[in-house]
>>> print(open('protein-v1.cif').read())   # mmCIF, C-alpha atoms and all ligand atoms
data_data
loop_
_atom_site.label_atom_id
_atom_site.label_comp_id
_atom_site.auth_asym_id
_atom_site.auth_seq_id
_atom_site.Cartn_x
_atom_site.Cartn_y
_atom_site.Cartn_z
CA MET A 15 -2.44 -29.79 9.98
CA GLU A 16 -2.71 -28.71 6.38
CA LEU A 17 -1.98 -25.09 5.56
CA VAL A 18 -4.39 -23.43 3.12
CA ASN A 19 -4.30 -19.97 1.59
CA THR A 20 -7.23 -19.09 -0.62
CA HIS A 21 -6.41 -15.41 -1.21
CA CYS A 22 -3.28 -14.17 -2.94
CA HIS A 23 -2.12 -11.63 -5.53
CA SER A 24 0.94 -11.05 -7.75
CA HIS A 25 2.66 -8.47 -9.95
CA PHE A 26 -0.29 -8.63 -12.36
CA CYS A 27 -2.17 -6.05 -10.28
CA GLY A 28 -0.56 -2.64 -9.99
CA HIS A 29 0.09 -2.82 -6.25
CA GLY A 30 1.41 -6.39 -5.95
CA GLU A 31 4.90 -7.73 -6.48
CA GLY A 32 6.34 -11.12 -7.36
CA LEU A 33 5.69 -13.67 -10.07
CA VAL A 34 2.94 -16.26 -9.77
CA SER A 35 5.69 -18.90 -9.95
CA GLU A 36 7.45 -17.28 -6.98
CA TYR A 37 4.31 -17.38 -4.83
CA ALA A 38 3.73 -21.01 -5.76
CA ALA A 39 7.33 -21.97 -4.94
CA ALA A 40 7.18 -20.13 -1.59
CA ALA A 41 3.85 -21.79 -0.78
CA ALA A 42 5.19 -25.25 -1.59
CA ASP A 43 8.24 -24.56 0.59
CA ALA A 44 5.96 -23.53 3.46
CA GLY A 45 3.96 -26.75 3.17
CA ILE A 46 0.77 -25.17 1.82
CA THR A 47 -1.57 -27.77 0.28
CA THR A 48 -4.09 -25.40 -1.35
CA LEU A 49 -3.12 -22.08 -2.87
CA ALA A 50 -5.72 -19.95 -4.63
CA PHE A 51 -4.57 -17.07 -6.81
CA THR A 52 -7.26 -14.40 -6.62
CA GLU A 53 -6.11 -11.42 -8.62
CA HIS A 54 -8.15 -8.23 -8.59
CA TYR A 55 -10.54 -8.59 -11.53
CA PRO A 56 -10.28 -5.70 -14.03
CA LEU A 57 -12.02 -2.44 -13.22
CA THR A 58 -12.78 0.19 -15.83
CA SER A 59 -10.70 3.35 -16.02
CA ALA A 60 -13.52 5.19 -14.24
CA PHE A 61 -12.67 3.24 -11.08
CA ASP A 62 -9.01 2.49 -11.69
CA PRO A 63 -7.54 5.19 -13.94
CA ASP A 64 -3.93 4.21 -13.20
CA GLY A 65 -4.26 0.43 -13.37
CA TYR A 66 -3.18 0.36 -9.73
CA LEU A 67 -6.10 -1.37 -8.06
CA SER A 68 -6.78 -4.20 -10.52
CA VAL A 69 -5.29 -6.28 -13.32
CA PRO A 70 -5.50 -4.55 -16.71
CA ALA A 71 -7.98 -6.50 -18.84
CA VAL A 72 -5.34 -7.13 -21.51
CA ASP A 73 -3.21 -9.00 -18.96
CA MET A 74 -5.85 -11.43 -17.71
CA ALA A 75 -4.97 -14.16 -20.22
CA ALA A 76 -1.31 -14.05 -19.15
CA TYR A 77 -2.35 -14.16 -15.48
CA GLU A 78 -4.52 -17.20 -16.06
CA GLN A 79 -1.80 -19.00 -18.00
CA ALA A 80 0.72 -18.29 -15.25
CA VAL A 81 -1.60 -19.88 -12.69
CA LEU A 82 -2.16 -22.93 -14.87
CA ASP A 83 1.62 -23.23 -15.33
CA ALA A 84 2.07 -23.08 -11.54
CA ARG A 85 -0.55 -25.81 -11.15
CA ALA A 86 1.37 -28.02 -13.58
CA ALA A 87 4.66 -27.32 -11.81
CA HIS A 88 3.37 -28.21 -8.32
CA THR A 89 1.48 -31.48 -8.49
CA GLY A 90 1.54 -31.87 -4.70
CA MET A 91 -0.47 -28.68 -4.15
CA ASP A 92 -3.94 -27.67 -5.33
CA VAL A 93 -3.35 -24.43 -7.25
CA LEU A 94 -6.67 -22.69 -7.88
CA LEU A 95 -7.38 -20.12 -10.54
CA GLY A 96 -9.47 -17.44 -8.91
CA ILE A 97 -10.29 -13.78 -8.85
CA GLU A 98 -11.22 -11.14 -6.31
CA LEU A 99 -14.22 -9.36 -7.73
CA ASP A 100 -15.28 -5.93 -6.50
CA TYR A 101 -18.93 -5.49 -5.66
CA LEU A 102 -19.88 -2.11 -7.13
CA ALA A 103 -23.67 -2.36 -6.77
CA ASP A 104 -25.52 -0.11 -9.18
CA THR A 105 -22.35 1.81 -10.02
CA ASP A 106 -20.88 -1.25 -11.81
CA ASP A 107 -19.99 -0.21 -15.35
CA ARG A 108 -18.55 -3.57 -16.45
CA ASP A 109 -20.20 -6.19 -18.58
CA LEU A 110 -19.87 -9.16 -16.20
CA ASP A 111 -20.81 -12.31 -18.00
CA ALA A 112 -21.61 -15.49 -16.03
CA ALA A 113 -20.15 -17.73 -18.73
CA ASP A 114 -16.96 -15.68 -18.68
CA LEU A 115 -16.65 -16.05 -14.90
CA ALA A 116 -17.40 -19.79 -14.90
CA ARG A 117 -13.80 -20.76 -15.60
CA TYR A 118 -12.61 -19.58 -12.19
CA ASP A 119 -12.30 -22.11 -9.39
CA VAL A 120 -13.07 -19.52 -6.76
CA ILE A 121 -14.43 -15.96 -6.80
CA LEU A 122 -13.89 -13.76 -3.76
CA GLY A 123 -16.47 -11.02 -3.23
CA SER A 124 -15.02 -7.75 -1.95
CA VAL A 125 -16.38 -4.35 -1.04
CA HIS A 126 -13.55 -1.86 -1.53
CA PHE A 127 -15.76 0.95 -2.85
CA VAL A 128 -18.51 2.88 -1.13
CA ASP A 129 -20.42 4.88 -3.72
CA ARG A 130 -17.43 4.90 -6.08
CA TRP A 131 -14.94 5.89 -3.38
CA PRO A 132 -12.16 3.37 -2.55
CA PHE A 133 -12.43 3.75 1.22
CA ASP A 134 -9.43 1.54 2.02
CA ASP A 135 -7.00 3.33 -0.31
CA PRO A 136 -4.34 5.01 1.86
CA ALA A 137 -4.12 7.86 -0.67
CA GLN A 138 -7.77 8.78 0.05
CA ARG A 139 -7.77 8.18 3.77
CA GLY A 140 -8.50 11.85 4.55
CA VAL A 141 -12.22 11.43 3.81
CA TRP A 142 -12.55 9.37 6.99
CA GLU A 143 -11.66 12.43 9.06
CA GLU A 144 -14.53 14.58 7.79
CA PRO A 145 -17.33 15.24 10.34
CA GLY A 146 -19.78 12.34 10.57
CA ALA A 147 -17.85 10.30 8.02
CA VAL A 148 -17.01 7.29 10.16
CA ASP A 149 -20.58 6.37 11.14
CA ARG A 150 -21.81 7.04 7.60
CA ILE A 151 -19.10 4.97 5.92
CA TRP A 152 -19.54 2.02 8.28
CA ASN A 153 -23.31 1.94 7.77
CA ARG A 154 -22.97 2.21 4.02
CA TYR A 155 -20.21 -0.39 3.92
CA VAL A 156 -22.28 -2.91 5.86
CA ASP A 157 -25.36 -2.25 3.70
CA LEU A 158 -23.33 -2.95 0.56
CA TRP A 159 -21.56 -5.94 2.08
CA CYS A 160 -24.88 -7.49 3.09
CA ASP A 161 -26.34 -6.88 -0.37
CA ALA A 162 -23.30 -8.56 -1.94
CA ALA A 163 -23.34 -11.49 0.50
CA SER A 164 -27.04 -12.23 0.39
CA ASP A 165 -27.82 -11.95 -3.33
CA PRO A 166 -27.72 -15.48 -4.81
CA THR A 167 -27.52 -14.13 -8.36
CA LEU A 168 -24.03 -12.73 -7.72
CA PRO A 169 -21.05 -15.00 -8.49
CA PHE A 170 -19.20 -14.78 -5.17
CA GLN A 171 -18.30 -17.96 -3.28
CA VAL A 172 -16.28 -16.38 -0.46
CA MET A 173 -16.76 -12.94 1.08
CA SER A 174 -13.27 -11.61 1.72
CA HIS A 175 -12.03 -9.45 4.63
CA PRO A 176 -15.57 -8.97 6.01
CA ASP A 177 -14.87 -5.96 8.22
CA LEU A 178 -12.41 -4.18 5.94
CA ALA A 179 -13.93 -0.87 7.06
CA LYS A 180 -11.82 -1.11 10.23
CA LYS A 181 -8.54 -1.05 8.27
CA PHE A 182 -7.47 2.44 9.38
CA ALA A 183 -8.85 1.84 12.91
CA PHE A 184 -11.75 4.26 12.54
CA TYR A 185 -14.67 2.77 14.49
CA PRO A 186 -18.26 4.05 14.62
CA SER A 187 -19.86 5.75 17.62
CA PHE A 188 -22.44 2.93 17.91
CA PRO A 189 -21.87 -0.70 18.95
CA LEU A 190 -21.10 -3.07 16.11
CA ASP A 191 -23.11 -6.06 17.39
CA ALA A 192 -26.22 -5.36 15.36
CA LEU A 193 -24.16 -4.91 12.20
CA TYR A 194 -22.36 -8.19 12.89
CA GLU A 195 -25.66 -10.03 13.20
CA ARG A 196 -26.88 -8.60 9.91
CA MET A 197 -23.64 -9.64 8.19
CA ALA A 198 -23.90 -13.19 9.53
CA GLU A 199 -27.52 -13.46 8.42
CA ALA A 200 -26.63 -12.11 4.97
CA ALA A 201 -23.78 -14.57 4.41
CA SER A 202 -25.93 -17.44 5.59
CA ALA A 203 -28.87 -16.39 3.39
CA GLY A 204 -26.64 -16.15 0.33
CA GLY A 205 -24.91 -19.49 0.97
CA ARG A 206 -21.57 -17.74 1.06
CA MET A 207 -18.35 -18.62 2.82
CA VAL A 208 -16.20 -16.09 4.63
CA GLU A 209 -12.46 -15.97 5.11
CA VAL A 210 -10.19 -15.14 7.98
CA ASN A 211 -7.82 -12.73 6.27
CA THR A 212 -4.53 -12.52 8.12
CA SER A 213 -3.36 -9.26 6.53
CA GLY A 214 -5.41 -7.13 8.93
CA SER A 215 -2.83 -7.57 11.68
CA TYR A 216 -0.42 -5.41 9.67
CA TYR A 217 -2.71 -2.39 9.23
CA ALA A 218 -3.70 0.22 11.81
CA CYS A 219 -6.56 -2.00 13.01
CA ALA A 220 -3.89 -4.49 14.18
CA GLU A 221 -6.12 -7.55 14.07
CA MET A 222 -7.15 -10.03 11.42
CA PHE A 223 -10.36 -9.61 9.40
CA PRO A 224 -12.93 -10.32 10.74
CA ALA A 225 -12.91 -9.26 14.39
CA PRO A 226 -13.40 -12.18 16.82
CA ASP A 227 -16.99 -11.17 17.62
CA LEU A 228 -17.89 -11.02 13.94
CA LEU A 229 -16.27 -14.38 13.27
CA ARG A 230 -18.20 -15.78 16.24
CA ALA A 231 -21.44 -14.50 14.67
CA PHE A 232 -20.54 -16.21 11.37
CA CYS A 233 -19.83 -19.44 13.24
CA ARG A 234 -23.15 -19.30 15.11
CA ALA A 235 -24.94 -18.73 11.79
CA GLY A 236 -23.28 -21.81 10.27
CA VAL A 237 -21.28 -19.85 7.69
CA PRO A 238 -18.30 -21.92 6.41
CA CYS A 239 -14.90 -20.27 6.77
CA THR A 240 -11.60 -20.49 4.90
CA VAL A 241 -8.26 -18.73 5.39
CA GLY A 242 -6.44 -16.27 3.16
CA THR A 243 -3.27 -14.30 3.72
CA ASP A 244 -4.05 -11.73 0.99
CA ALA A 245 -0.34 -11.79 0.13
CA HIS A 246 0.83 -9.07 -2.23
CA SER A 247 4.42 -10.30 -1.97
CA PRO A 248 5.67 -13.91 -2.05
CA VAL A 249 7.21 -13.65 1.44
CA ASN A 250 3.71 -13.29 2.90
CA VAL A 251 2.16 -16.29 1.19
CA ALA A 252 1.91 -18.36 4.39
CA ARG A 253 1.84 -15.52 6.93
CA ASP A 254 -0.12 -16.25 10.12
CA ILE A 255 -2.20 -19.16 8.78
CA HIS A 256 -1.73 -20.91 12.13
CA ARG A 257 -2.96 -17.77 13.92
CA ALA A 258 -6.06 -17.76 11.73
CA TYR A 259 -6.76 -21.38 12.67
CA ALA A 260 -6.33 -20.48 16.34
CA LEU A 261 -8.87 -17.65 16.02
CA MET A 262 -11.32 -19.95 14.25
CA ARG A 263 -10.98 -22.53 17.03
CA GLU A 264 -11.39 -19.88 19.71
CA VAL A 265 -14.76 -18.71 18.34
CA GLY A 266 -16.14 -22.22 17.83
CA TYR A 267 -15.17 -23.46 14.36
CA ARG A 268 -14.16 -27.11 14.24
CA GLN A 269 -13.16 -27.22 10.59
CA VAL A 270 -11.78 -25.03 7.85
CA THR A 271 -13.57 -25.18 4.52
CA VAL A 272 -11.34 -25.31 1.45
CA PRO A 273 -12.38 -24.47 -2.12
CA MET A 274 -11.15 -26.98 -4.71
CA ILE A 275 -10.21 -26.95 -8.38
CA GLY A 276 -13.50 -27.10 -10.29
CA GLY A 277 -15.58 -25.31 -7.66
CA ASP A 278 -16.26 -27.98 -5.01
CA ARG A 279 -15.28 -27.62 -1.36
CA ARG A 280 -13.71 -29.93 1.18
CA THR A 281 -13.21 -29.58 4.91
CA VAL A 282 -10.16 -30.04 7.10
CA GLY A 283 -10.51 -30.59 10.86
CA LEU A 284 -9.04 -27.85 13.06
CA ASP A 285 -7.22 -30.24 15.38
ZN ZN A 301 -4.76 -5.91 -3.44
ZN ZN A 302 -7.05 -9.33 -1.89
#
>>> encode(input="protein-v1.cif", output="structure tokens")
Amino acid sequence: MELVNTHCHSHFCGHGEGLVSEYAAAAADAGITTLAFTEHYPLTSAFDPDGYLSVPAVDMAAYEQAVLDARAAHTGMDVLLGIELDYLADTDDRDLDAADLARYDVILGSVHFVDRWPFDDPAQRGVWEEPGAVDRIWNRYVDLWCDAASDPTLPFQVMSHPDLAKKFAFYPSFPLDALYERMAEAASAGGRMVEVNTSGSYYACAEMFPAPDLLRAFCRAGVPCTVGTDAHSPVNVARDIHRAYALMREVGYRQVTVPMIGGDRRTVGLD
């Protein structure tokens, strides 16, 4: 069946490598039919002092042109211009303008910050080991994630790596079921999609995002699902897409939902 990847980065963010054209060529070689570039939307220096986490604002025009050039070079593949946009709740110090965001084909909603702290940054991992931190961070993460997913005034179409809090394999002392139900209800209420993000298998958590039980909850709630590899290097552009499809099938999905150029969606049967 078709291979789709609706989450990928490039050298434009400080922690990615490879040209947009290299990702597009690798994707075409792998037989991908939809490739969405979703660079980390600029953060202010208060959140990203070293330009490591996001694309510097001055480079966004070049990023967008590179994606449009890749689209023109690969007529057999849908190349989407997208962004991954951090949800910062009431700490957001940017001037996000709906008209400015309208030109993107897809906007991923991500929670990488809990009260200004980038909880998935390996350089700051030590905070997780403080007494009581794990339960507190998980609860706060899920609160923020549900706010982001359920608020229809926010511009997100797809909520990315839904249980990113498990990245370093720190799990709370309480069962996760109730949190999973809240997340599924939030995504459904907000009309959002989720993604299976294959990169999770390569972190300490050693499984894709989301966990099978969370994906099952999304499926039960009727939340559409797409697939992203979250590649930060061209070699990973098609990594484990088949495994993501297998997980979707296992929990009950019968189709993968695919964002399109211009903002519509289509579906592809998971045969
Ligand atoms: Zn990244
Ligand atoms: Zn990403």
>>> residues_near_ligand(input="protein-v1.cif", ligand="ligand ZN 301 (chain A)", cutoff="9 Å", atoms="only C-alpha atoms and all ligand atoms", output="list in words")
Cys22, His23, Ser24, Cys27, Gly28, His29, Gly30, Glu53, His54, Leu67, Ser68, Glu98, Asp244, Ala245 and His246 of chain A
>>> residues_near_ligand(input="protein-v1.cif", ligand="ligand ZN 302 (chain A)", cutoff="12 Å", atoms="all atoms listed in the file", output="MDAnalysis selection string")
chainID A and resid 19:24 27 29:30 50:55 67:69 96:100 121:126 134 172:176 178 209:214 223 241:247 251
>>> write_last_selection(input="protein-v1.cif", atoms="C-alpha atoms", output="short mmCIF file (atom, residue, chain, number, x, y, z; two decimals), in the frame of the given file")
data_model
loop_
_atom_site.label_atom_id
_atom_site.label_comp_id
_atom_site.auth_asym_id
_atom_site.auth_seq_id
_atom_site.Cartn_x
_atom_site.Cartn_y
_atom_site.Cartn_z
CA ASN A 19 -4.30 -19.97 1.59
CA THR A 20 -7.23 -19.09 -0.62
CA HIS A 21 -6.41 -15.41 -1.21
CA CYS A 22 -3.28 -14.17 -2.94
CA HIS A 23 -2.12 -11.63 -5.53
CA SER A 24 0.94 -11.05 -7.75
CA CYS A 27 -2.17 -6.05 -10.28
CA HIS A 29 0.09 -2.82 -6.25
CA GLY A 30 1.41 -6.39 -5.95
CA ALA A 50 -5.72 -19.95 -4.63
CA PHE A 51 -4.57 -17.07 -6.81
CA THR A 52 -7.26 -14.40 -6.62
CA GLU A 53 -6.11 -11.42 -8.62
CA HIS A 54 -8.15 -8.23 -8.59
CA TYR A 55 -10.54 -8.59 -11.53
CA LEU A 67 -6.10 -1.37 -8.06
CA SER A 68 -6.78 -4.20 -10.52
CA VAL A 69 -5.29 -6.28 -13.32
CA GLY A 96 -9.47 -17.44 -8.91
CA ILE A 97 -10.29 -13.78 -8.85
CA GLU A 98 -11.22 -11.14 -6.31
CA LEU A 99 -14.22 -9.36 -7.73
CA ASP A 100 -15.28 -5.93 -6.50
CA ILE A 121 -14.43 -15.96 -6.80
CA LEU A 122 -13.89 -13.76 -3.76
CA GLY A 123 -16.47 -11.02 -3.23
CA SER A 124 -15.02 -7.75 -1.95
CA VAL A 125 -16.38 -4.35 -1.04
CA HIS A 126 -13.55 -1.86 -1.53
CA ASP A 134 -9.43 1.54 2.02
CA VAL A 172 -16.28 -16.38 -0.46
CA MET A 173 -16.76 -12.94 1.08
CA SER A 174 -13.27 -11.61 1.72
CA HIS A 175 -12.03 -9.45 4.63
CA PRO A 176 -15.57 -8.97 6.01
CA LEU A 178 -12.41 -4.18 5.94
CA GLU A 209 -12.46 -15.97 5.11
CA VAL A 210 -10.19 -15.14 7.98
CA ASN A 211 -7.82 -12.73 6.27
CA THR A 212 -4.53 -12.52 8.12
CA SER A 213 -3.36 -9.26 6.53
CA GLY A 214 -5.41 -7.13 8.93
CA PHE A 223 -10.36 -9.61 9.40
CA VAL A 241 -8.26 -18.73 5.39
CA GLY A 242 -6.44 -16.27 3.16
CA THR A 243 -3.27 -14.30 3.72
CA ASP A 244 -4.05 -11.73 0.99
CA ALA A 245 -0.34 -11.79 0.13
CA HIS A 246 0.83 -9.07 -2.23
CA SER A 247 4.42 -10.30 -1.97
CA VAL A 251 2.16 -16.29 1.19
#
>>> atom_distance(input="protein-v1.cif", atom1="atom CA of A:Gln138", atom2="atom CA of A:Phe61")
13.4 Å
>>> atom_distance(input="protein-v1.cif", atom1="atom CA of A:Asn153", atom2="atom CA of A:Val265")
24.7 Å
>>> atom_distance(input="protein-v1.cif", atom1="atom CA of A:Phe170", atom2="atom CA of A:Val81")
19.8 Å
>>> closest_residue(input="protein-v1.cif", among="A:Gly146, A:Pro70, A:Pro169, A:Gly65", to="A:Tyr101", atoms="all atoms listed in the file")
A:Pro169
>>> closest_residue(input="protein-v1.cif", among="A:Ala179, A:Val208, A:Leu193, A:Val72", to="A:Asp157", atoms="all atoms listed in the file")
A:Leu193
>>> closest_residue(input="protein-v1.cif", among="A:Ala87, A:Leu94, A:Val141, A:Ala258", to="A:Tyr118", atoms="all atoms listed in the file")
A:Leu94
>>> closest_residue(input="protein-v1.cif", among="A:Leu228, A:Leu115, A:Cys239, A:Ala163", to="A:Ala103", atoms="all atoms listed in the file")
A:Ala163
>>> closest_residue(input="protein-v1.cif", among="A:Ala116, A:Leu168, A:Leu284, A:Ala203", to="A:Met262", atoms="all atoms listed in the file")
A:Leu284
>>> closest_residue(input="protein-v1.cif", among="A:Val128, A:Val237, A:Asp119, A:Ala39", to="A:Glu78", atoms="all atoms listed in the file")
A:Asp119
>>> residues_near_point(input="protein-v1.cif", point="(-17.0, -10.6, 16.8)", cutoff="12 Å", atoms="only C-alpha atoms", output="MDAnalysis selection string")
chainID A and resid 176:177 189:195 197:198 221:234 261:262 264:266
>>> write_last_selection(input="protein-v1.cif", atoms="C-alpha atoms", output="tab-separated table (two decimals), keeping the file's coordinate frame")
chain	number	residue	atom	x	y	z
A	176	PRO	CA	-15.57	-8.97	6.01
A	177	ASP	CA	-14.87	-5.96	8.22
A	189	PRO	CA	-21.87	-0.70	18.95
A	190	LEU	CA	-21.10	-3.07	16.11
A	191	ASP	CA	-23.11	-6.06	17.39
A	192	ALA	CA	-26.22	-5.36	15.36
A	193	LEU	CA	-24.16	-4.91	12.20
A	194	TYR	CA	-22.36	-8.19	12.89
A	195	GLU	CA	-25.66	-10.03	13.20
A	197	MET	CA	-23.64	-9.64	8.19
A	198	ALA	CA	-23.90	-13.19	9.53
A	221	GLU	CA	-6.12	-7.55	14.07
A	222	MET	CA	-7.15	-10.03	11.42
A	223	PHE	CA	-10.36	-9.61	9.40
A	224	PRO	CA	-12.93	-10.32	10.74
A	225	ALA	CA	-12.91	-9.26	14.39
A	226	PRO	CA	-13.40	-12.18	16.82
A	227	ASP	CA	-16.99	-11.17	17.62
A	228	LEU	CA	-17.89	-11.02	13.94
A	229	LEU	CA	-16.27	-14.38	13.27
A	230	ARG	CA	-18.20	-15.78	16.24
A	231	ALA	CA	-21.44	-14.50	14.67
A	232	PHE	CA	-20.54	-16.21	11.37
A	233	CYS	CA	-19.83	-19.44	13.24
A	234	ARG	CA	-23.15	-19.30	15.11
A	261	LEU	CA	-8.87	-17.65	16.02
A	262	MET	CA	-11.32	-19.95	14.25
A	264	GLU	CA	-11.39	-19.88	19.71
A	265	VAL	CA	-14.76	-18.71	18.34
A	266	GLY	CA	-16.14	-22.22	17.83
>>> build_atoms(input="protein-v1.cif", residues="stretch 53-78 of chain A", atoms="N, CA and C atoms", output="short mmCIF file (atom, residue, chain, number, x, y, z; two decimals), in the frame of the given file")
data_model
loop_
_atom_site.label_atom_id
_atom_site.label_comp_id
_atom_site.auth_asym_id
_atom_site.auth_seq_id
_atom_site.Cartn_x
_atom_site.Cartn_y
_atom_site.Cartn_z
N GLU A 53 -6.47 -12.78 -8.21
CA GLU A 53 -6.11 -11.42 -8.62
C GLU A 53 -7.34 -10.51 -8.71
N HIS A 54 -7.10 -9.24 -8.50
CA HIS A 54 -8.15 -8.23 -8.59
C HIS A 54 -8.67 -8.18 -10.03
N TYR A 55 -9.92 -8.55 -10.20
CA TYR A 55 -10.54 -8.59 -11.53
C TYR A 55 -10.57 -7.17 -12.12
N PRO A 56 -10.38 -7.04 -13.43
CA PRO A 56 -10.28 -5.70 -14.03
C PRO A 56 -11.45 -4.77 -13.69
N LEU A 57 -11.07 -3.54 -13.37
CA LEU A 57 -12.02 -2.44 -13.22
C LEU A 57 -11.90 -1.55 -14.44
N THR A 58 -12.90 -0.76 -14.73
CA THR A 58 -12.78 0.19 -15.83
C THR A 58 -11.92 1.38 -15.38
N SER A 59 -11.54 2.20 -16.35
CA SER A 59 -10.70 3.35 -16.02
C SER A 59 -11.44 4.36 -15.15
N ALA A 60 -12.77 4.28 -15.12
CA ALA A 60 -13.52 5.19 -14.24
C ALA A 60 -13.22 4.89 -12.77
N PHE A 61 -12.97 3.63 -12.46
CA PHE A 61 -12.67 3.24 -11.08
C PHE A 61 -11.17 3.11 -10.83
N ASP A 62 -10.43 2.79 -11.86
CA ASP A 62 -9.01 2.49 -11.69
C ASP A 62 -8.20 3.14 -12.81
N PRO A 63 -8.14 4.47 -12.80
CA PRO A 63 -7.54 5.19 -13.94
C PRO A 63 -6.06 4.87 -14.14
N ASP A 64 -5.36 4.45 -13.08
CA ASP A 64 -3.93 4.21 -13.20
C ASP A 64 -3.57 2.74 -13.29
N GLY A 65 -4.56 1.86 -13.36
CA GLY A 65 -4.26 0.43 -13.37
C GLY A 65 -3.54 -0.01 -12.12
N TYR A 66 -3.85 0.63 -11.00
CA TYR A 66 -3.18 0.36 -9.73
C TYR A 66 -3.96 -0.65 -8.89
N LEU A 67 -5.27 -0.56 -8.97
CA LEU A 67 -6.10 -1.37 -8.06
C LEU A 67 -6.38 -2.77 -8.59
N SER A 68 -6.34 -2.93 -9.92
CA SER A 68 -6.78 -4.20 -10.52
C SER A 68 -5.84 -4.60 -11.65
N VAL A 69 -6.08 -5.80 -12.18
CA VAL A 69 -5.29 -6.28 -13.32
C VAL A 69 -5.85 -5.64 -14.60
N PRO A 70 -4.99 -5.05 -15.42
CA PRO A 70 -5.50 -4.55 -16.71
C PRO A 70 -6.13 -5.70 -17.51
N ALA A 71 -7.25 -5.43 -18.14
CA ALA A 71 -7.98 -6.50 -18.84
C ALA A 71 -7.09 -7.22 -19.85
N VAL A 72 -6.20 -6.49 -20.49
CA VAL A 72 -5.34 -7.13 -21.51
C VAL A 72 -4.37 -8.14 -20.91
N ASP A 73 -4.16 -8.08 -19.61
CA ASP A 73 -3.21 -9.00 -18.96
C ASP A 73 -3.86 -10.22 -18.33
N MET A 74 -5.18 -10.32 -18.40
CA MET A 74 -5.85 -11.43 -17.71
C MET A 74 -5.47 -12.80 -18.30
N ALA A 75 -5.32 -12.86 -19.61
CA ALA A 75 -4.97 -14.16 -20.22
C ALA A 75 -3.60 -14.63 -19.73
N ALA A 76 -2.66 -13.69 -19.63
CA ALA A 76 -1.31 -14.05 -19.15
C ALA A 76 -1.36 -14.47 -17.69
N TYR A 77 -2.17 -13.77 -16.89
CA TYR A 77 -2.35 -14.16 -15.48
C TYR A 77 -2.87 -15.60 -15.38
N GLU A 78 -3.90 -15.87 -16.14
CA GLU A 78 -4.52 -17.20 -16.06
C GLU A 78 -3.54 -18.29 -16.51
#
